[in-house]
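Engineer: This is the structure, below, for whatever I ask next.
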Amino acid sequence: MATTTSETGDVRLSPAAGERQPSAAHSGDLANVGIIESLLRDQQDLTAVERFTDLHEHGRTPSQERFYRSLLPATPPGPGQQYAFDVDLDRCSGCKACVAACHAMNGLDDGESWRDVGLLIGGTSSLPVLQHVTTACHHCLEPACLSACPVNAYEKDPVTGIVLHLDDQCFGCQYCTLACPYDVPKYHAKKGIVRKCDMCSSRLAVGEAPACVQSCPHEAIQIQVVDAKSIVEDAEAAVFLPAAPDPQITLPTTTFRTKRVFPRNLLPADYFDVTPQHPHLPLVVMLVLTQLSVGAFVAALVLQAVLPASTWSSLYPIHAASALFFGLLALASSTLHLGRPRYAYRAIVGIGHSWLSREIVCFGAFALCAVLYAATAVVGGTWHASFEFASRPLAWCVAGFGIAGVFCSAMIYIVTRRDSWSAVQTGVRFALTTALLGVAAVWLSLLLTAWLRLSTDAAELLRLAGPLGAQVVLVLSAAKLTWDALVFRHLFSRRMTGMKRSALLMSRELSNVTLARFAAGALGGLAMPGLLLHRTTNVGDGLTLATVLCAALLVVACTVGELLERYLFFAASAAPRMPGGIR
């Protein structure tokens with residue numbers, strides 16, 4: 001279209017070469033419409049995708065130009081402030097462009113993701129509500145991953161507040177994956193370490209937006225500066241996200257905004273899904289055998305106070321050697337849980353804040369004292385008088401460090417605040433396992449001593465402690481099986497609590513393991529002690545091989561039952577998480 005001037009001086013629009021000339025009746029209207037459309041097009045606010053496409057198609061800017069200044073804070077964080085994600089829920093469409101960009105930018109493997117998109121559903125059949133939610137690491141004020149890590153592989157940047165993971169320092173214990181209530185750290189089996197979102201800190205440092213922010217076509221994700229004080233206040237009022245874990249646990253900094261009022265029944269799409277968790281088999285073996293060893297030393301210490309010194313001396317060597325064997329086997333099995341076991345020596349670095357570091361220190365001291373204690377038992381046969389003064393203090397040290405180690409083991413899981421790992425649930429389980437297996441192990445040592453006639457007081461030893469050991473095992477087994485069965489009462493709960501999820505898993509997907517656990521516990525803890533109680537009470541002058549084998553079967557069955565119980569402890573635990581999608 002070109003402009004011409006008539007003889008009267010009026011300006012008119014005329015068709016350019018090759019253009020179709022409109023009819024005279026409509027030429028004036030079309031000219032007006034074209035001008036209006038042109039003005040509206042110029043005034044239109046383009047979306048992020050349109051601006052990005054326009055800039056690159058016409059090549060008007062360098063390829064590394066900072067396109068998304070509007071999605072970044074104007075100034076860096078000041079004192080008492082930090083960077084945080086800001087998510088506009090009204091703009092999130094669930095397209096997962098942020099997930100794809102994060103995956104590509106960080107070079108993640110197939111199936112590995114540092115950002116996820118969940119779905120909240122609710123409302124009524126006539127007015128349903130669907131809300132997509134994009135989530136990643138919340139870079140909390142009090143990150144559970146940082147406090148849990150035994151090797152200080154996490155650090156919170158003092159200026160930006162970003163929680164960074166130090167890959168070179170990590171040795172793959174995976175404790176942070178249990179401690180984080182938002183399922184943020186992800187274990188990489190091939191590398192043997194944990195990895196997580198760092199808010200693309202290298203890009204932020206040079207003014208570039210993180211990959212997820214820059215890729216979102218709706219600008220639903222931004223980076224903002226937040227005040228730590230406001231985060232604490234919001235957590236106090238539980239202002240975070242519907243159906244998300246309690247913000248009081250770690251004080252997450254992500255802000256989820258919406259102009260809508262959500263219905264009261266808004267829940268994650270996967271709210272009623274129950275999935276078995278990773279069983280952590282090396283930890284299963286380590287926990288059970290350490291508690292067996294500690295329980296054996298403590299039970300022997302109690303028995304030593306009851307029996308005459310001459311009678312105890314015959315039981316001393318075989319008991320110390322067997323208890324030490326299980327303790328060392330447990331510590332060796334724990335290294336199989338590490339992704340990079342050659343760096344196991346780093347485990348005590350976080351003793352100031354990590355219960356795992358404290359557990360390792362306590363069990364290390366326990367093993368050292370147990371070795372010395374067993375050595376006094378072996379050498380004491382020749383120079384008994386020379387080593388008698390050391391055996392008693394060493395026994396107390398072994399028991400003390402062992403109990404402290406079991407306590408630290410329990411705290412590792414209690415601080416995660418899972419319902420099935422509460423202080424009561426975990427404390428009672430670990431205490432009863434320690435007592436049951438410890439008494440059973442000492443009782444087996446007692447029967448072996450009596451059967452082998454390692455002392456002239458063997459018959460007296462069996463008469464004094466034989467029936468009592470069977471009775472104690474019977475009572476402890478009944479208590480432990482009853483306590484484990486109490487979880488099924490949560491099946492009648494109307495709410496889908498963490499304990500109900502555990503009960504559902506044990507009665508459905510893990511039902512075979514559950515049945516095997518109770519069968520082994522009943523055999524070793526109820527049937528066998530009842531049989532052996534009669535045999536040890538009416539034993540006469542000695543024991544038969546069949547009785548000793550029955551006692552050995554008792555210990556094996558009880559140990560297998562506790563191993564299966566500890567397997568369920570991990571696999572049937574309902575882990576808290578952010579809202580997920582339909583599975």
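Please note that chains go A, B, ... in the order of the structure tokens, that every chain numbers its residues from 1, and that ligands are numbered from 1 in the order shown.
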Could you name the residues that touch segment 564-579 of chain A at 7 Å or less, counting only C-alpha atoms, but leaving out those on the same chain fewer than 3 positions away, as a PyMOL selection string?
Structural biologist: chain A and resi 118-120+181-183+244-245+268+276-279+284+418+420+498+501-502+505-506+513+517+560-561
Engineer: Could you turn the residues from that selection into a file that holds C-alpha atoms, as a compact mmCIF listing (two decimals), in the first residue's frame?
Structural biologist:
```txt
# COMPACT_ATOMS: atom_id res chain seq x y z
CA GLY A 118 2.40 -32.61 40.23
CA LEU A 119 -1.35 -32.34 40.10
CA LEU A 120 -3.87 -31.27 42.74
CA PRO A 181 10.48 -34.34 53.41
CA TYR A 182 10.14 -33.13 49.80
CA ASP A 183 11.97 -35.99 48.05
CA ALA A 244 2.41 -30.62 51.14
CA PRO A 245 4.58 -31.70 54.09
CA PRO A 268 -2.71 -34.60 45.26
CA PRO A 276 6.80 -49.71 48.74
CA GLN A 277 9.96 -47.75 49.47
CA HIS A 278 13.57 -48.78 48.95
CA PRO A 279 14.36 -51.48 51.57
CA VAL A 284 18.58 -53.88 57.50
CA ARG A 418 7.71 -39.86 59.33
CA SER A 420 6.01 -44.83 61.07
CA GLY A 498 1.19 -42.34 57.28
CA ARG A 501 -0.30 -46.29 54.40
CA SER A 502 2.19 -48.55 56.19
CA LEU A 505 1.46 -51.86 52.29
CA MET A 506 2.01 -54.62 54.83
CA VAL A 513 7.04 -60.48 53.81
CA ARG A 517 7.99 -62.08 59.56
CA VAL A 560 15.34 -63.86 60.59
CA GLY A 561 12.08 -62.51 62.01
```
Engineer: Skipping near chain neighbours, those fewer than 4 positions away, what residues fall within 9 Å of Ala365 of chain A using only C-alpha atoms, listed as JSON, numbers by chain?
Structural biologist: {"A": [360, 361, 369, 370, 397, 398, 401, 402]}
Engineer: Measure the distance from atom CA of Ala84 of chain A to atom CA of Ile351 of chain A in Å and round it to one decimal.
Structural biologist: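 For atom CA of Ala84 of chain A relative to atom CA of Ile351 of chain A, the distance reads 29.2 Å.
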Engineer: For Arg195 of chain A, list every protein, DNA or RNA residue within 8 Å, evaluated using only C-alpha atoms, and leave out those in the same chain fewer than 4 positions away; present the list as a short mmCIF file (atom, residue, chain, number, x, y, z; two decimals) with C-alpha atoms, in the first residue's frame.
Structural biologist:
```
data_model
loop_
_atom_site.label_atom_id
_atom_site.label_comp_id
_atom_site.auth_asym_id
_atom_site.auth_seq_id
_atom_site.Cartn_x
_atom_site.Cartn_y
_atom_site.Cartn_z
CA HIS A 165 25.48 -30.16 47.04
CA ASP A 167 29.43 -33.94 44.66
CA PRO A 185 17.91 -35.24 46.67
CA LYS A 186 18.15 -38.04 44.12
CA TYR A 187 20.62 -40.92 44.40
CA HIS A 188 22.64 -41.67 41.26
#
```
Engineer: One decimal, Å: what's the distance from atom CA of Phe240 of chain A over to atom CA of Glu112 of chain A, could you say?
Structural biologist: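 These atoms are spaced 25.6 Å apart.
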Engineer: When you look at segment 106-108 of chain A with a cut-off of 12 Å (counting only C-alpha atoms), what residues show up, excluding the ones that are within fewer than 5 positions of it in the same chain? I need them as JSON, numbers by chain.
Structural biologist: {"A": [99, 100, 101, 113, 114, 115, 186, 187, 188, 191, 195, 196, 197, 198, 199, 200, 201, 202, 203, 210, 211, 212]}
Engineer: Of the candidates A:Val232, A:Val133, A:Leu328, A:Ala410, which shows the shortest atom-to-atom distance to Ser422 of chain A, using only C-alpha atoms?
Structural biologist: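 Result for the nearest residue to Ser422 of chain A: A:Ala410.
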